[in-house]
>>> print(open('run-v7.txt').read())   # compact mmCIF, C-alpha atoms and all ligand atoms
# COMPACT_ATOMS: atom_id res chain seq x y z
CA MET Q 1 74.43 62.49 257.01
CA LEU Q 2 75.12 66.07 255.93
CA ARG Q 3 77.16 66.53 252.75
CA ALA Q 4 79.95 69.09 253.19
CA GLY Q 5 82.57 70.68 250.93
CA LEU Q 6 85.62 72.89 251.37
CA ILE Q 7 86.85 75.88 249.35
CA GLY Q 8 90.59 76.57 249.74
CA LEU Q 9 93.20 74.01 250.79
CA GLY Q 10 95.97 76.28 252.10
CA ALA Q 11 97.40 76.69 255.61
CA MET Q 12 93.95 76.90 257.20
CA GLY Q 13 92.03 74.81 254.68
CA ARG Q 14 94.21 71.77 255.36
CA ASN Q 15 93.09 71.87 259.01
CA HIS Q 16 89.45 72.12 257.98
CA ALA Q 17 90.01 69.11 255.71
CA ARG Q 18 91.52 67.10 258.59
CA ILE Q 19 88.43 67.74 260.72
CA LEU Q 20 85.82 67.35 257.96
CA ARG Q 21 87.26 63.90 257.13
CA ARG Q 22 86.43 62.71 260.67
CA LEU Q 23 83.40 64.74 261.70
CA ASP Q 24 80.49 62.60 262.93
CA GLY Q 25 77.30 62.95 260.90
CA VAL Q 26 79.12 64.58 257.97
CA GLU Q 27 80.32 63.23 254.64
CA PHE Q 28 83.18 65.28 253.17
CA VAL Q 29 82.38 65.10 249.45
CA GLY Q 30 84.85 67.43 247.72
CA ALA Q 31 87.20 70.42 247.91
CA VAL Q 32 87.96 73.29 245.55
CA ASP Q 33 91.43 74.72 245.03
CA PRO Q 34 92.94 75.85 241.72
CA ALA Q 35 96.34 74.80 243.12
CA GLY Q 36 95.13 71.23 243.72
CA ASP Q 37 95.89 69.65 247.10
CA PRO Q 38 99.30 71.16 248.00
CA HIS Q 39 99.35 69.75 251.55
CA ASP Q 40 97.98 66.25 250.78
CA ALA Q 41 95.03 67.01 253.03
CA LEU Q 42 92.30 65.20 251.10
CA HIS Q 43 93.17 61.49 251.43
CA GLY Q 44 90.99 60.45 248.50
CA VAL Q 45 88.32 63.17 248.70
CA PRO Q 46 88.09 64.62 245.16
CA VAL Q 47 89.63 68.02 244.38
CA LEU Q 48 87.41 70.12 242.10
CA PRO Q 49 88.23 73.01 239.76
CA ASP Q 50 85.58 75.50 240.94
CA VAL Q 51 82.71 76.24 243.31
CA ALA Q 52 80.10 75.36 240.64
CA SER Q 53 81.48 71.79 240.47
CA LEU Q 54 81.21 71.48 244.25
CA ILE Q 55 77.60 72.72 244.22
CA ALA Q 56 76.84 70.24 241.41
CA LEU Q 57 77.88 67.38 243.74
CA GLY Q 58 74.98 68.36 246.02
CA VAL Q 59 76.21 69.80 249.35
CA ASP Q 60 74.36 71.00 252.45
CA TYR Q 61 77.19 73.30 253.49
CA ALA Q 62 80.71 74.36 252.58
CA VAL Q 63 83.64 75.78 254.53
CA ILE Q 64 85.22 78.81 252.83
CA ALA Q 65 88.97 78.99 253.53
CA CYS Q 66 90.29 80.70 250.38
CA PRO Q 67 92.00 84.13 250.61
CA THR Q 68 89.84 86.76 252.34
CA ALA Q 69 89.37 88.85 249.18
CA LEU Q 70 87.59 85.85 247.59
CA HIS Q 71 85.17 85.06 250.45
CA GLU Q 72 82.42 87.26 249.04
CA GLU Q 73 82.38 85.69 245.57
CA ALA Q 74 82.40 82.12 246.91
CA GLY Q 75 79.82 82.90 249.61
CA LEU Q 76 77.37 84.61 247.25
CA GLN Q 77 77.58 81.64 244.87
CA LEU Q 78 76.81 79.21 247.70
CA ALA Q 79 73.92 81.32 249.03
CA ALA Q 80 72.39 81.68 245.55
CA ASN Q 81 72.31 77.87 245.35
CA GLY Q 82 70.82 77.29 248.82
CA VAL Q 83 74.08 76.07 250.43
CA CYS Q 84 74.95 77.05 254.03
CA ALA Q 85 78.51 78.28 254.73
CA LEU Q 86 81.11 78.43 257.47
CA ILE Q 87 83.28 81.31 256.29
CA GLU Q 88 86.80 81.85 257.62
CA LYS Q 89 87.51 85.07 259.46
CA PRO Q 90 87.34 87.87 258.59
CA LEU Q 91 83.92 87.45 256.98
CA ALA Q 92 85.02 89.62 254.04
CA HIS Q 93 87.66 92.15 252.96
CA SER Q 94 85.29 95.15 253.34
CA ALA Q 95 82.20 96.08 255.35
CA GLU Q 96 80.18 96.39 252.13
CA ALA Q 97 81.15 92.89 250.99
CA ALA Q 98 80.39 91.50 254.47
CA ARG Q 99 76.95 93.14 254.39
CA ARG Q 100 76.18 91.63 250.97
CA LEU Q 101 77.07 88.19 252.36
CA VAL Q 102 74.82 88.64 255.42
CA ASP Q 103 71.94 89.78 253.22
CA ALA Q 104 72.34 86.86 250.80
CA PHE Q 105 72.32 84.15 253.50
CA GLU Q 106 69.64 85.79 255.68
CA ALA Q 107 67.30 86.39 252.71
CA ARG Q 108 67.27 82.64 252.00
CA GLY Q 109 67.15 81.53 255.63
CA LEU Q 110 70.51 79.76 255.31
CA VAL Q 111 72.92 79.20 258.20
CA ALA Q 112 76.10 81.28 257.79
CA GLY Q 113 78.87 81.27 260.38
CA VAL Q 114 82.29 82.90 260.69
CA GLY Q 115 85.48 81.10 261.77
CA HIS Q 116 86.37 83.33 264.72
CA ILE Q 117 88.15 80.39 266.28
CA GLU Q 118 89.19 82.19 269.49
CA ARG Q 119 85.59 81.86 270.73
CA PHE Q 120 86.15 78.11 270.89
CA ASN Q 121 89.45 78.38 272.75
CA PRO Q 122 88.90 76.75 276.15
CA ALA Q 123 90.74 79.56 277.99
CA LEU Q 124 88.42 82.22 276.58
CA GLN Q 125 85.33 80.06 277.08
CA GLN Q 126 86.30 79.70 280.77
CA LEU Q 127 87.02 83.41 281.03
CA ARG Q 128 83.68 84.36 279.50
CA SER Q 129 81.64 82.12 281.80
CA ARG Q 130 83.52 83.43 284.86
CA LEU Q 131 82.81 87.02 283.76
CA GLU Q 132 79.15 86.12 283.18
CA THR Q 133 78.76 84.80 286.71
CA GLY Q 134 80.27 88.03 288.05
CA GLU Q 135 83.51 86.59 289.49
CA LEU Q 136 85.44 89.75 288.62
CA GLY Q 137 82.76 92.23 289.72
CA GLU Q 138 82.74 95.33 287.54
CA VAL Q 139 84.98 94.99 284.47
CA PHE Q 140 87.31 97.98 284.02
CA GLN Q 141 89.49 97.07 281.07
CA VAL Q 142 90.23 94.47 278.36
CA VAL Q 143 93.78 94.39 276.99
CA THR Q 144 94.89 92.11 274.16
CA ARG Q 145 98.28 91.55 272.51
CA ARG Q 146 98.62 89.43 269.38
CA GLN Q 147 102.10 89.52 267.92
CA GLY Q 148 104.17 87.26 265.72
CA PRO Q 149 106.27 86.96 262.60
CA PHE Q 150 105.17 87.91 259.09
CA PRO Q 151 102.94 85.39 257.24
CA HIS Q 152 104.22 85.72 253.66
CA ARG Q 153 101.15 84.03 252.21
CA ILE Q 154 98.66 86.74 253.39
CA ALA Q 155 98.80 89.53 250.81
CA ASP Q 156 95.20 90.59 250.27
CA VAL Q 157 94.52 92.31 253.62
CA GLY Q 158 96.61 93.90 256.37
CA VAL Q 159 97.07 92.90 260.00
CA VAL Q 160 93.94 94.77 261.12
CA LYS Q 161 91.56 92.63 259.07
CA ASP Q 162 93.63 89.45 259.28
CA LEU Q 163 94.54 89.39 262.98
CA ALA Q 164 92.96 92.26 264.93
CA THR Q 165 89.51 90.94 263.94
CA HIS Q 166 90.22 88.08 266.40
CA ASP Q 167 90.69 90.64 269.20
CA ILE Q 168 87.67 92.71 268.21
CA ASP Q 169 85.41 89.65 268.11
CA LEU Q 170 86.64 88.11 271.36
CA THR Q 171 86.47 91.39 273.28
CA SER Q 172 82.81 91.94 272.39
CA TRP Q 173 82.01 88.29 273.01
CA ILE Q 174 83.62 87.89 276.45
CA THR Q 175 82.18 91.16 277.75
CA GLY Q 176 78.81 91.07 275.95
CA HIS Q 177 79.29 94.69 274.83
CA GLU Q 178 79.93 96.29 271.46
CA TYR Q 179 82.52 98.92 270.56
CA ALA Q 180 81.36 102.51 271.09
CA THR Q 181 84.44 104.57 270.17
CA LEU Q 182 87.99 103.90 269.15
CA SER Q 183 91.18 105.54 267.98
CA ALA Q 184 94.04 103.76 266.21
CA ARG Q 185 97.52 104.10 264.72
CA THR Q 186 99.04 101.81 262.11
CA VAL Q 187 102.43 101.47 260.43
CA SER Q 188 103.63 99.49 257.45
CA LYS Q 189 107.26 98.46 257.79
CA SER Q 190 107.46 95.42 255.54
CA GLY Q 191 107.10 97.30 252.26
CA ARG Q 192 103.71 95.72 251.51
CA GLU Q 193 100.60 97.65 250.49
CA HIS Q 194 98.82 97.04 253.81
CA GLU Q 195 99.61 97.87 257.46
CA ASP Q 196 101.54 95.34 259.53
CA MET Q 197 101.30 96.88 263.02
CA VAL Q 198 98.39 98.48 264.85
CA ALA Q 199 97.64 100.01 268.23
CA VAL Q 200 93.97 100.53 269.13
CA VAL Q 201 92.45 102.19 272.17
CA GLY Q 202 88.71 102.38 272.60
CA SER Q 203 85.68 101.94 274.78
CA LEU Q 204 82.71 99.57 274.78
CA THR Q 205 79.09 100.61 275.14
CA ASP Q 206 79.18 100.04 278.93
CA GLY Q 207 82.31 102.21 279.29
CA THR Q 208 84.82 99.33 279.56
CA MET Q 209 88.20 100.52 278.30
CA VAL Q 210 89.91 98.35 275.64
CA SER Q 211 93.31 98.27 274.01
CA HIS Q 212 94.79 96.01 271.33
CA LEU Q 213 98.41 95.75 270.18
CA VAL Q 214 98.60 93.57 267.08
CA ASN Q 215 101.42 93.07 264.62
CA TRP Q 216 103.25 90.82 262.17
CA LEU Q 217 106.63 92.33 263.05
CA SER Q 218 107.63 90.46 266.17
CA PRO Q 219 109.79 87.33 266.47
CA LEU Q 220 107.88 86.73 269.72
CA LYS Q 221 104.58 84.92 269.20
CA GLU Q 222 102.00 86.06 271.71
CA ARG Q 223 98.22 85.64 272.13
CA PHE Q 224 97.40 87.48 275.36
CA THR Q 225 94.08 88.68 276.80
CA ALA Q 226 93.86 90.36 280.21
CA VAL Q 227 90.61 91.49 281.81
CA THR Q 228 90.98 93.72 284.85
CA GLY Q 229 88.10 94.45 287.18
CA GLU Q 230 86.94 95.08 290.71
CA ARG Q 231 88.32 91.85 292.23
CA GLY Q 232 91.51 91.31 290.23
CA CYS Q 233 92.67 90.31 286.79
CA PHE Q 234 92.10 87.31 284.49
CA VAL Q 235 94.86 86.47 282.01
CA ALA Q 236 94.12 84.11 279.11
CA ASP Q 237 96.89 82.73 276.91
CA THR Q 238 95.21 81.31 273.83
CA LEU Q 239 98.41 79.67 272.54
CA THR Q 240 98.54 77.35 275.57
CA ALA Q 241 94.81 77.65 276.43
CA ASP Q 242 95.71 78.63 280.01
CA LEU Q 243 93.58 80.88 282.20
CA THR Q 244 95.00 82.48 285.33
CA PHE Q 245 93.34 84.66 287.93
CA HIS Q 246 95.35 87.21 289.91
CA ALA Q 247 93.13 88.14 292.85
CA ASN Q 248 93.27 91.43 294.70
CA GLY Q 249 94.54 90.82 298.23
CA ALA Q 250 91.86 90.94 300.91
CA PHE Q 251 94.40 91.85 303.62
CA ALA Q 252 95.82 95.29 304.39
CA THR Q 253 99.52 95.55 303.77
CA GLU Q 254 101.59 97.19 306.46
CA TRP Q 255 104.26 98.26 304.08
CA GLU Q 256 102.80 101.68 303.44
CA ALA Q 257 105.16 102.65 300.63
CA LEU Q 258 104.28 99.51 298.65
CA ARG Q 259 100.55 99.91 299.17
CA ALA Q 260 100.65 103.51 298.02
CA PHE Q 261 102.56 102.50 294.90
CA ARG Q 262 100.42 99.54 293.86
CA GLY Q 263 96.92 100.78 294.51
CA VAL Q 264 95.59 97.27 295.15
CA ALA Q 265 97.27 94.52 297.14
CA GLU Q 266 98.43 91.32 295.48
CA GLY Q 267 96.39 88.32 296.46
CA ASP Q 268 96.35 84.67 295.41
CA MET Q 269 97.14 83.53 291.91
CA ILE Q 270 95.15 80.59 290.54
CA ARG Q 271 95.72 78.71 287.30
CA TYR Q 272 92.54 76.83 286.49
CA ALA Q 273 92.38 73.22 285.33
CA PHE Q 274 89.74 72.43 282.69
CA PRO Q 275 89.35 70.16 279.64
CA LYS Q 276 91.13 71.49 276.57
CA ARG Q 277 89.43 70.37 273.36
CA GLU Q 278 90.79 71.52 270.00
CA PRO Q 279 88.97 74.79 269.17
CA LEU Q 280 88.57 73.97 265.46
CA VAL Q 281 86.83 70.66 266.28
CA VAL Q 282 84.36 72.46 268.55
CA GLU Q 283 83.78 75.14 265.89
CA HIS Q 284 82.94 72.42 263.34
CA GLU Q 285 80.66 70.48 265.71
CA ARG Q 286 78.72 73.64 266.57
CA PHE Q 287 78.32 74.60 262.93
CA ARG Q 288 77.20 71.09 261.91
CA ASP Q 289 74.58 71.17 264.70
CA ALA Q 290 73.33 74.57 263.53
CA VAL Q 291 72.93 73.29 259.95
CA GLU Q 292 71.01 70.31 261.34
CA GLY Q 293 68.64 72.84 262.92
CA LYS Q 294 69.69 72.21 266.51
CA HIS Q 295 70.23 75.02 268.99
CA SER Q 296 73.96 75.73 268.73
CA GLU Q 297 76.16 78.72 269.58
CA ILE Q 298 77.98 79.72 266.41
CA VAL Q 299 79.54 83.03 265.40
CA THR Q 300 76.84 84.38 263.11
CA ALA Q 301 77.57 86.19 259.85
CA ARG Q 302 75.87 89.25 261.34
CA GLU Q 303 78.36 89.25 264.24
CA GLY Q 304 81.14 88.78 261.68
CA LEU Q 305 79.85 91.84 259.82
CA ARG Q 306 79.99 93.94 262.98
CA THR Q 307 83.62 92.89 263.51
CA VAL Q 308 84.53 93.87 259.93
CA GLU Q 309 82.82 97.24 260.50
CA VAL Q 310 84.88 97.85 263.65
CA SER Q 311 88.07 96.87 261.77
CA ALA Q 312 87.13 99.38 259.03
CA ALA Q 313 86.75 102.06 261.74
CA VAL Q 314 90.24 101.15 263.04
CA LEU Q 315 91.73 101.69 259.57
CA GLU Q 316 89.76 104.91 259.08
CA SER Q 317 90.95 106.30 262.41
CA ALA Q 318 94.58 105.46 261.57
CA ARG Q 319 94.22 107.04 258.12
CA ALA Q 320 92.77 110.23 259.60
CA ALA Q 321 95.54 110.39 262.20
CA ARG Q 322 98.20 110.10 259.47
CA GLY Q 323 96.51 112.96 257.62
CA THR Q 324 96.55 115.10 260.76
CA ALA Q 325 100.22 114.34 261.37
CA ARG Q 326 101.04 115.47 257.82
CA GLY Q 327 98.91 118.60 258.20
CA THR Q 328 96.47 117.33 255.53
CA GLY Q 329 93.76 116.41 258.01
CA ASP Q 330 90.20 116.35 256.72
CA GLY Q 331 88.62 117.17 260.05
CA LEU Q 332 88.29 113.58 261.22
CA GLY Q 333 91.70 113.79 262.86
CA ASP Q 334 90.56 116.70 265.04
CA GLY Q 335 87.66 114.61 266.30
CA LEU Q 336 90.04 111.81 267.20
CA ALA Q 337 92.05 114.04 269.47
CA GLU Q 338 88.86 114.90 271.29
CA GLY Q 339 87.72 111.41 272.02
CA GLY Q 340 87.96 108.92 269.21
CA LEU Q 341 86.11 107.90 266.11
CA ALA Q 342 82.57 106.72 266.66
CA VAL Q 343 82.18 103.18 265.42
CA PRO Q 344 79.39 103.05 262.83
CA THR Q 345 76.37 101.02 263.88
CA THR Q 346 74.27 98.70 261.76
N1 LIG J 1 90.73 81.11 261.98
C1 LIG J 1 92.02 81.31 261.94
O1 LIG J 1 92.70 81.33 262.96
C2 LIG J 1 92.70 81.46 260.62
C3 LIG J 1 94.07 81.17 260.48
C4 LIG J 1 94.65 81.32 259.23
C5 LIG J 1 93.89 81.77 258.15
N2 LIG J 1 92.58 82.05 258.33
C6 LIG J 1 91.76 82.54 257.20
O2 LIG J 1 91.65 81.51 256.23
C7 LIG J 1 91.68 82.06 254.92
C8 LIG J 1 92.81 81.40 254.14
O3 LIG J 1 94.03 81.70 254.78
P1 LIG J 1 95.29 80.72 254.63
O4 LIG J 1 96.25 81.15 255.67
O5 LIG J 1 94.87 79.30 254.59
O6 LIG J 1 95.83 81.16 253.19
P2 LIG J 1 96.67 80.30 252.16
O7 LIG J 1 97.23 81.27 251.19
O8 LIG J 1 97.61 79.38 252.88
O9 LIG J 1 95.59 79.37 251.44
C9 LIG J 1 94.63 79.86 250.54
C10 LIG J 1 94.30 78.72 249.57
O10 LIG J 1 93.18 79.14 248.77
C11 LIG J 1 93.43 78.71 247.44
N3 LIG J 1 92.64 79.51 246.50
C12 LIG J 1 92.98 80.62 245.83
N4 LIG J 1 91.96 81.01 245.04
C13 LIG J 1 90.94 80.13 245.24
C14 LIG J 1 89.64 80.00 244.72
N5 LIG J 1 89.16 80.87 243.81
N6 LIG J 1 88.88 78.96 245.13
C15 LIG J 1 89.35 78.06 246.03
N7 LIG J 1 90.60 78.14 246.55
C16 LIG J 1 91.38 79.16 246.17
C17 LIG J 1 94.93 78.87 247.26
O11 LIG J 1 95.41 78.06 246.16
C18 LIG J 1 95.45 78.38 248.62
O12 LIG J 1 95.70 76.98 248.62
C19 LIG J 1 91.83 83.56 255.09
O13 LIG J 1 90.56 84.17 255.03
C20 LIG J 1 92.39 83.71 256.49
O14 LIG J 1 92.04 84.94 257.10
C21 LIG J 1 91.97 81.89 259.52
>>> encode(input="run-v7.txt", output="structure tokens", more="lines below")
Ligand SMILES: NC(=O)c1ccc[n+]([C@@H]2O[C@H](COP(=O)([O-])OP(=O)(O)OC[C@H]3O[C@@H](n4cnc5c(N)ncnc54)[C@H](O)[C@@H]3O)[C@@H](O)[C@H]2O)c1
Amino acid sequence: MLRAGLIGLGAMGRNHARILRRLDGVEFVGAVDPAGDPHDALHGVPVLPDVASLIALGVDYAVIACPTALHEEAGLQLAANGVCALIEKPLAHSAEAARRLVDAFEARGLVAGVGHIERFNPALQQLRSRLETGELGEVFQVVTRRQGPFPHRIADVGVVKDLATHDIDLTSWITGHEYATLSARTVSKSGREHEDMVAVVGSLTDGTMVSHLVNWLSPLKERFTAVTGERGCFVADTLTADLTFHANGAFATEWEALRAFRGVAEGDMIRYAFPKREPLVVEHERFRDAVEGKHSEIVTAREGLRTVEVSAAVLESARAARGTARGTGDGLGDGLAEGGLAVPTT
């Protein structure tokens, strides 16, 4: 049996607690939260005052689900004591902090994963394997929309680091390509310190065009990913875990006006049937297997670092564009107009 702990018992932590209590091969030995157990998620598992008390219990790994700004401190403490960690997304609040976490876990040969839960969504897993087998032919474009109401509890980062990191991670993962360039605009309408709406346009290393519209300002909750390519378009809805394929028509339409307008003909539409396991359960099973030393596909801390770096480039591009709009541009804004900010590479 592996001994596991949890750090943070809020909206996400309570779900981790629910799964850790039932996970095969794992004993859930304790959780840390200065606020106690506000959601009654522990069912007898002890609540501890700090990370040092959890480490003192003797744990093989811990799940970090405290506010993003505190991931680094908790993670470095675990790594220094030889404890593996599954760290909620985003890996850290800044690229520098994320890099320090990667270095700390890698230097000690410890398993560190990031909770980019969309990778375990059955709709995106289906989509990725269908792209891998070439069902779409050449991929032209990935479009994501992630909108919803304001989460009052998230105050330490803006919507780019909190939500758009899902889109950045899933886009690289389903296509197998990293971000090459991007340009972004943000606004902050809620009166908070950080942005609450972002539009990103960019390209991946193979030339695939991407766009992401992400905000906390919409009463409509949406989790939409569309991949358009040579043979049609896949649409994944990660709220319902549905995957649909809209095929290009193989027949020639005789209605000339319509054909000229649409470019491609509409073909069949298929909604696939597949098993839908809870993504968080799969994420936990994969991480447990990795800690046990088995071959297991997890989101590595290094991949999490890359996603934080891309999110930092999004914020930098938006900042430069605001400067240009105000006539106080520092030169970066001019570059954006010409083709986008180059995403830094590790
Ligand atoms: N994977 C996902 O889809 C997903 C969804 C929501 C949140 N998250 C991530 O999970 C993390 C937590 O978000 P949340 O929505 O649960 O926030 P939350 O505010 O609901 O919960 C945070 C909890 O951490 C506790 N906490 C504060 N300081 C602490 C400390 N020093 N040690 C231990 N616990 C501490 C708070 O008391 C609170 O109970 C964030 O990093 C967020 O980005 C991920």
>>> residues_around(input="run-v7.txt", residues="range 235-239 of chain Q", least_positions_apart="5", cutoff="6 Å", atoms="all atoms listed in the file", output="JSON, numbers by chain")
{"Q": [123, 223, 224, 225, 226, 244]}
>>> residues_near_ligand(input="run-v7.txt", ligand="ligand LIG 1 (chain J)", cutoff="6 Å", atoms="all atoms listed in the file", output="list in words")
Ile7, Gly8, Leu9, Gly10, Ala11, Met12, Gly13, Val32, Asp33, Pro34, Ala35, Ala65, Cys66, Pro67, Thr68, Glu88, Lys89, Pro90, Gly115, His116, Ile117, Arg153 and Asp162 of chain Q
>>> closest_residue(input="run-v7.txt", among="Q:His152, Q:Arg326, Q:His177, Q:Arg277", to="Pro122 in chain Q", atoms="only C-alpha atoms")
Q:Arg277
>>> closest_residue(input="run-v7.txt", among="Q:Leu86, Q:Leu48, Q:Ala74, Q:Phe105", to="Arg288 in chain Q", atoms="only C-alpha atoms")
Q:Leu86
>>> closest_residue(input="run-v7.txt", among="Q:Ala320, Q:Ile270, Q:Ala104, Q:Val299", to="Ala184 in chain Q", atoms="all atoms listed in the file")
Q:Ala320
>>> closest_residue(input="run-v7.txt", among="Q:Ile55, Q:Ile19, Q:Val63, Q:Val314", to="Gln77 in chain Q", atoms="only C-alpha atoms")
Q:Ile55
>>> residues_near_point(input="run-v7.txt", point="(78.1, 62.9, 252.5)", cutoff="12 Å", atoms="only C-alpha atoms", output="list in words")
Met1, Leu2, Arg3, Ala4, Gly5, Leu20, Arg21, Arg22, Leu23, Asp24, Gly25, Val26, Glu27, Phe28, Val29, Gly30, Val45, Leu57, Gly58, Val59, Asp60, Tyr61 and Ala62 of chain Q
>>> closest_residue(input="run-v7.txt", among="Q:Gly202, Q:Gly229, Q:Gly191, Q:Pro275", to="Ser317 in chain Q", atoms="only C-alpha atoms")
Q:Gly202
>>> closest_residue(input="run-v7.txt", among="Q:Met197, Q:Leu170, Q:Ala180, Q:Ala318", to="Gln147 in chain Q", atoms="only C-alpha atoms")
Q:Met197
>>> residues_around(input="run-v7.txt", residues="Arg302 in chain Q", least_positions_apart="3", cutoff="9 Å", atoms="all atoms listed in the file", output="ChimeraX atom specification")
/Q:98-99,102,112-113,299,305-307
